[in-house]
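Asker: Contents of work_19.csv (CSV, C-alpha atoms) are given next:
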chain,number,residue,atom,x,y,z
A,1,MET,CA,-8.8,-14.3,-34.7
A,2,ALA,CA,-12.1,-16.0,-34.2
A,3,THR,CA,-11.9,-15.4,-30.5
A,4,GLU,CA,-11.5,-11.6,-31.2
A,5,LEU,CA,-14.5,-11.7,-33.5
A,6,TYR,CA,-16.6,-13.6,-31.0
A,7,GLN,CA,-15.7,-11.2,-28.2
A,8,ARG,CA,-16.8,-8.3,-30.4
A,9,ALA,CA,-20.0,-10.1,-31.3
A,10,GLU,CA,-20.8,-10.8,-27.7
A,11,ASP,CA,-20.3,-7.1,-26.8
A,12,ILE,CA,-22.9,-6.0,-29.4
A,13,ASP,CA,-25.4,-8.9,-28.9
A,14,TRP,CA,-24.8,-10.2,-32.4
A,15,GLU,CA,-27.7,-12.6,-32.6
A,16,LEU,CA,-30.1,-9.8,-31.9
A,17,LEU,CA,-28.9,-7.6,-34.8
A,18,THR,CA,-30.6,-7.2,-38.2
A,19,ASP,CA,-28.9,-8.3,-41.4
A,20,ARG,CA,-28.2,-4.7,-42.3
A,21,GLU,CA,-26.6,-4.0,-38.9
A,22,ARG,CA,-24.4,-7.1,-39.2
A,23,SER,CA,-23.3,-6.0,-42.7
A,24,ALA,CA,-22.1,-2.7,-41.3
A,25,TYR,CA,-20.0,-4.6,-38.7
A,26,TYR,CA,-18.5,-6.8,-41.3
A,27,GLY,CA,-17.3,-3.7,-43.1
A,28,GLN,CA,-15.9,-2.2,-39.9
A,29,TRP,CA,-14.1,-5.5,-39.0
A,30,VAL,CA,-12.4,-5.8,-42.4
A,31,GLU,CA,-10.9,-2.3,-41.8
A,32,ASP,CA,-10.0,-2.9,-38.2
A,33,ALA,CA,-6.3,-3.5,-37.5
A,34,LYS,CA,-6.9,-6.3,-35.0
A,35,ILE,CA,-9.1,-8.2,-37.4
A,36,GLY,CA,-8.8,-7.3,-41.0
A,37,GLY,CA,-5.2,-6.1,-40.5
A,38,VAL,CA,-4.2,-9.5,-39.0
A,39,LEU,CA,-6.1,-11.4,-41.7
A,40,SER,CA,-4.5,-9.4,-44.5
A,41,SER,CA,-1.2,-11.2,-43.9
A,42,CYS,CA,-2.8,-14.5,-45.1
A,43,LEU,CA,-5.8,-13.4,-47.2
A,44,PRO,CA,-6.3,-11.0,-50.1
A,45,HIS,CA,-8.2,-7.9,-48.9
A,46,GLY,CA,-11.2,-8.8,-51.0
A,47,ASP,CA,-11.6,-12.2,-49.3
A,48,ILE,CA,-11.5,-11.0,-45.7
A,49,ARG,CA,-15.2,-10.1,-45.4
A,50,VAL,CA,-16.2,-13.4,-47.0
A,51,TRP,CA,-14.0,-15.4,-44.6
A,52,ILE,CA,-15.4,-13.5,-41.6
A,53,LYS,CA,-19.0,-14.0,-42.7
A,54,ASP,CA,-18.9,-17.5,-44.0
A,55,GLY,CA,-16.4,-18.8,-41.5
A,56,PRO,CA,-16.5,-17.9,-37.8
A,57,MET,CA,-19.7,-15.7,-37.9
A,58,LYS,CA,-21.7,-18.4,-39.7
A,59,GLU,CA,-20.9,-20.7,-36.8
A,60,TYR,CA,-21.3,-18.1,-34.0
A,61,VAL,CA,-24.7,-19.3,-32.7
A,62,ARG,CA,-23.6,-22.9,-32.7
A,63,ALA,CA,-20.4,-21.9,-30.8
A,64,LEU,CA,-22.6,-20.3,-28.1
A,65,GLU,CA,-24.3,-23.7,-27.8
A,66,GLY,CA,-20.8,-25.4,-27.4
A,67,ILE,CA,-21.1,-27.0,-30.8
A,68,GLY,CA,-18.8,-27.0,-33.8
A,69,THR,CA,-15.2,-26.2,-34.7
A,70,TYR,CA,-15.4,-22.6,-33.4
A,71,ALA,CA,-17.0,-23.5,-30.0
A,72,ARG,CA,-13.5,-23.2,-28.4
A,73,CYS,CA,-13.4,-19.6,-29.5
A,74,ALA,CA,-16.5,-18.4,-27.7
A,75,THR,CA,-15.9,-16.6,-24.5
A,76,LYS,CA,-19.5,-17.1,-23.4
A,77,ARG,CA,-22.0,-19.9,-23.6
A,78,PHE,CA,-25.6,-20.7,-23.0
A,79,PRO,CA,-26.3,-23.0,-20.1
A,80,PRO,CA,-25.8,-26.8,-20.7
A,81,HIS,CA,-28.3,-28.5,-22.9
A,82,GLU,CA,-29.4,-30.6,-19.9
A,83,THR,CA,-30.6,-27.4,-18.2
A,84,LEU,CA,-32.7,-26.5,-21.3
A,85,ILE,CA,-34.3,-30.0,-21.3
A,86,LYS,CA,-35.3,-29.6,-17.6
A,87,LEU,CA,-36.7,-26.1,-18.2
A,88,GLY,CA,-38.7,-27.3,-21.2
A,89,LEU,CA,-39.9,-30.7,-20.0
A,90,GLY,CA,-39.5,-30.7,-16.2
A,91,PRO,CA,-36.9,-31.9,-13.7
A,92,SER,CA,-37.6,-35.6,-14.3
A,93,TRP,CA,-36.5,-35.5,-17.9
A,94,ASN,CA,-32.9,-36.1,-18.9
A,95,LEU,CA,-30.8,-35.4,-21.9
A,96,VAL,CA,-30.0,-38.7,-23.8
A,97,PRO,CA,-26.1,-38.8,-23.9
A,98,LYS,CA,-24.6,-38.0,-27.3
A,99,SER,CA,-27.9,-37.1,-28.9
A,100,VAL,CA,-27.3,-33.3,-29.3
A,101,ALA,CA,-27.1,-32.3,-33.0
A,102,GLU,CA,-27.7,-29.2,-35.1
A,103,LYS,CA,-29.7,-27.7,-37.9
A,104,PRO,CA,-31.8,-27.0,-36.0
A,105,MET,CA,-30.3,-27.6,-32.5
A,106,HIS,CA,-32.0,-30.8,-31.2
A,107,CYS,CA,-31.6,-33.8,-29.0
A,108,MET,CA,-33.5,-36.7,-27.5
A,109,ALA,CA,-34.7,-36.5,-23.9
A,110,ASP,CA,-35.9,-39.4,-21.7
A,111,PHE,CA,-37.9,-40.0,-18.6
A,112,GLY,CA,-37.9,-43.7,-17.7
A,113,PRO,CA,-39.0,-45.6,-20.9
A,114,ARG,CA,-40.4,-42.4,-22.5
A,115,ARG,CA,-38.3,-40.7,-25.1
A,116,ARG,CA,-38.9,-37.4,-26.9
A,117,TYR,CA,-37.4,-35.3,-29.6
A,118,VAL,CA,-36.6,-31.7,-28.5
A,119,CYS,CA,-35.5,-28.9,-30.8
A,120,TRP,CA,-34.7,-25.3,-29.9
A,121,GLY,CA,-33.8,-22.0,-31.4
A,122,ALA,CA,-34.4,-18.2,-31.5
A,123,PRO,CA,-37.8,-16.9,-32.5
A,124,HIS,CA,-36.7,-16.1,-36.0
A,125,THR,CA,-36.0,-19.9,-36.5
A,126,PHE,CA,-39.6,-20.9,-35.5
A,127,LYS,CA,-40.6,-22.2,-38.9
A,128,ASP,CA,-37.5,-24.4,-39.1
A,129,LEU,CA,-38.3,-25.7,-35.6
A,130,VAL,CA,-41.9,-26.5,-36.5
A,131,TRP,CA,-40.8,-28.3,-39.7
A,132,ALA,CA,-38.1,-30.4,-37.8
A,133,ALA,CA,-40.6,-31.3,-35.0
A,134,LEU,CA,-43.3,-32.3,-37.6
A,135,GLY,CA,-40.7,-34.5,-39.3
A,136,GLU,CA,-40.2,-36.3,-36.0
A,137,ALA,CA,-43.8,-36.4,-35.0
A,138,VAL,CA,-44.8,-38.7,-37.9
A,139,LYS,CA,-42.4,-41.4,-36.5
A,140,SER,CA,-42.9,-41.0,-32.8
A,141,THR,CA,-45.6,-41.8,-30.2
A,142,GLU,CA,-44.5,-38.8,-28.0
A,143,ALA,CA,-45.2,-35.3,-29.1
A,144,PRO,CA,-42.0,-33.5,-30.0
A,145,LEU,CA,-41.1,-30.3,-28.0
A,146,ILE,CA,-40.1,-27.0,-29.5
A,147,ILE,CA,-38.3,-24.7,-27.2
A,148,VAL,CA,-38.2,-21.1,-28.4
A,149,THR,CA,-35.2,-19.5,-26.7
A,150,THR,CA,-34.7,-15.8,-26.1
A,151,ARG,CA,-31.8,-14.0,-24.4
A,152,THR,CA,-32.5,-12.8,-20.9
A,153,GLY,CA,-33.6,-9.2,-21.1
A,154,HIS,CA,-34.8,-9.5,-24.7
A,155,PRO,CA,-38.3,-11.2,-24.5
A,156,GLN,CA,-40.6,-11.7,-27.4
A,157,SER,CA,-43.9,-9.9,-27.7
A,158,PHE,CA,-47.0,-11.4,-26.2
A,159,GLU,CA,-48.5,-11.6,-29.7
A,160,ALA,CA,-45.5,-13.5,-31.1
A,161,GLU,CA,-45.6,-16.1,-28.2
A,162,SER,CA,-49.4,-16.5,-28.6
A,163,PHE,CA,-49.0,-17.1,-32.4
A,164,GLN,CA,-46.3,-19.7,-31.8
A,165,LYS,CA,-48.4,-21.5,-29.2
A,166,ALA,CA,-51.4,-21.5,-31.6
A,167,VAL,CA,-49.3,-23.0,-34.4
A,168,ALA,CA,-47.8,-25.7,-32.1
A,169,GLU,CA,-51.2,-26.6,-30.8
A,170,ARG,CA,-52.7,-26.8,-34.3
A,171,CYS,CA,-49.8,-29.1,-35.3
A,172,GLY,CA,-50.0,-31.3,-32.3
A,173,LEU,CA,-46.7,-30.2,-30.9
A,174,GLN,CA,-45.6,-29.1,-27.5
A,175,ILE,CA,-44.0,-25.7,-27.1
A,176,ALA,CA,-42.1,-24.0,-24.3
A,177,HIS,CA,-40.6,-20.5,-24.2
A,178,VAL,CA,-37.3,-20.3,-22.3
A,179,SER,CA,-35.1,-17.2,-21.6
A,180,ARG,CA,-31.4,-18.0,-21.4
A,181,LYS,CA,-28.4,-16.0,-20.2
A,182,LEU,CA,-24.9,-16.2,-21.7
A,183,THR,CA,-22.3,-16.9,-19.1
A,184,PRO,CA,-18.6,-16.4,-19.4
A,185,ILE,CA,-16.4,-19.5,-19.9
A,186,ARG,CA,-12.7,-20.0,-19.7
A,187,VAL,CA,-11.2,-19.8,-23.2
A,188,VAL,CA,-8.4,-22.4,-23.8
Reformat the file's structure so that it appears as structure tokens.
Answerer:
Amino acid sequence: MATELYQRAEDIDWELLTDRERSAYYGQWVEDAKIGGVLSSCLPHGDIRVWIKDGPMKEYVRALEGIGTYARCATKRFPPHETLIKLGLGPSWNLVPKSVAEKPMHCMADFGPRRRYVCWGAPHTFKDLVWAALGEAVKSTEAPLIIVTTRTGHPQSFEAESFQKAVAERCGLQIAHVSRKLTPIRVV
């Protein structure tokens, strides 16, 4: 069921929709025979929307990152985290193994003896990224890096990027803007 939801979400660029647009899709999916119809065999009709919203769709963005219980249901993913690190910090930096975590998405990167905190997310998560990076900055000698990610073909405005750069500079943080493309994966 989650795979069907994720396929539909990918088809409509879910993470780019407004809350109002998402709400309309929840309603459509509840009434859809392939989603709500299937779920009605194990959930009361009134609980289907809540299950969709608070279950698989709450985890959707993490699943695109390859993280969480629903990651196996995503039919597309963003490039590996190592790629993001190299785009944000440069080709000499590497992802520290087993350091990827969430809320917000983050990891540690190293280059020889140097080690840095890196967090990333969509433009609407910028304030969360700043807060997470500032929390790390107080206990690190290396400036944390915030990577604001956009989907290929859906760039931010020049004004939004300029504002983010100004905030990062004011806070003593490094920032990078990276456009990423979802690529199909083999669903198991």
Asker: Between A:Thr150, A:Gly37, A:Gly90, A:Leu5, single out the one closest to Gly55 in chain A, counting all atoms listed in the file.
Answerer: A:Leu5
Asker: Which is closer to Ile67 in chain A than all the others in A:Leu39, A:Leu95, A:Leu87, A:Val100, using only C-alpha atoms?
Answerer: A:Val100
Asker: Report the distance between CA of Ile48 in chain A and CA of Gln28 in chain A in Å, rounded to one decimal place.
Answerer: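 Those two atoms sit 11.4 Å apart.
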Asker: Given the choices A:Val167, A:Ile147, A:Ala2, A:Ala160, which gets closest to Val38 in chain A if the distance is worked out from all atoms listed in the file?
Answerer: A:Ala2
Asker: Would you mind reading off the distance between CA of Thr75 in chain A and CA of Val61 in chain A, one decimal, in Å?
Answerer: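 CA of Val61 in chain A lies at a distance of 12.3 Å from CA of Thr75 in chain A.
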Asker: With the cut-off set at 12 Å and counting all atoms listed in the file, tabulate each residue of range 25-63 of chain A with an atom at most that distance from an atom of range 103-109 of chain A, showing the nearest atom pair and its distance in Å to one decimal, ordered by chain and increasing number, as CSV.
Answerer:
residue,atom,partner,partner_atom,distance
A:Glu59,CA,A:Lys103,CA,11.3
A:Val61,CA,A:Met105,CA,10.0
A:Arg62,CA,A:Met105,CA,8.2
A:Ala63,CA,A:Met105,CA,11.5
Asker: Record the distance separating CA of Glu102 in chain A and CA of Pro79 in chain A, expressed in Å with one decimal.
Answerer: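 CA of Pro79 in chain A lies at a distance of 16.3 Å from CA of Glu102 in chain A.
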Asker: Give me, as a PyMOL selection string, all polymer residues having an atom no more than 12 Å from range 126-143 of chain A, counting all atoms listed in the file and skipping those fewer than 3 positions away in the same chain.
Answerer: chain A and resi 89+102-111+113-123+146-150+160-161+163-177
Asker: Which of these residues is nearest to Gly66 in chain A, using only C-alpha atoms: A:Thr18, A:Gly88, A:His154, A:Thr183?
Answerer: A:Thr183
Asker: Pick out the closest residue to Thr152 in chain A from this set: A:Phe78, A:Ile85, A:Glu21, A:Ser92. Count all atoms listed in the file.
Answerer: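 Among the listed residues, A:Phe78 lies closest to Thr152 in chain A.
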Asker: Would you mind telling me which residue in A:Arg22, A:Pro56, A:Lys86, A:His124 lies nearest to Ala74 in chain A when using only C-alpha atoms?
Answerer: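 The answer is A:Pro56, which sits nearest to Ala74 in chain A.
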Asker: Residues within 12 Å of Val50 in chain A, please, as a PyMOL selection string. Count only C-alpha atoms; anything in the same chain fewer than 3 positions from it doesn't count.
Answerer: chain A and resi 23+26-27+29-30+36+39+43-47+53-58
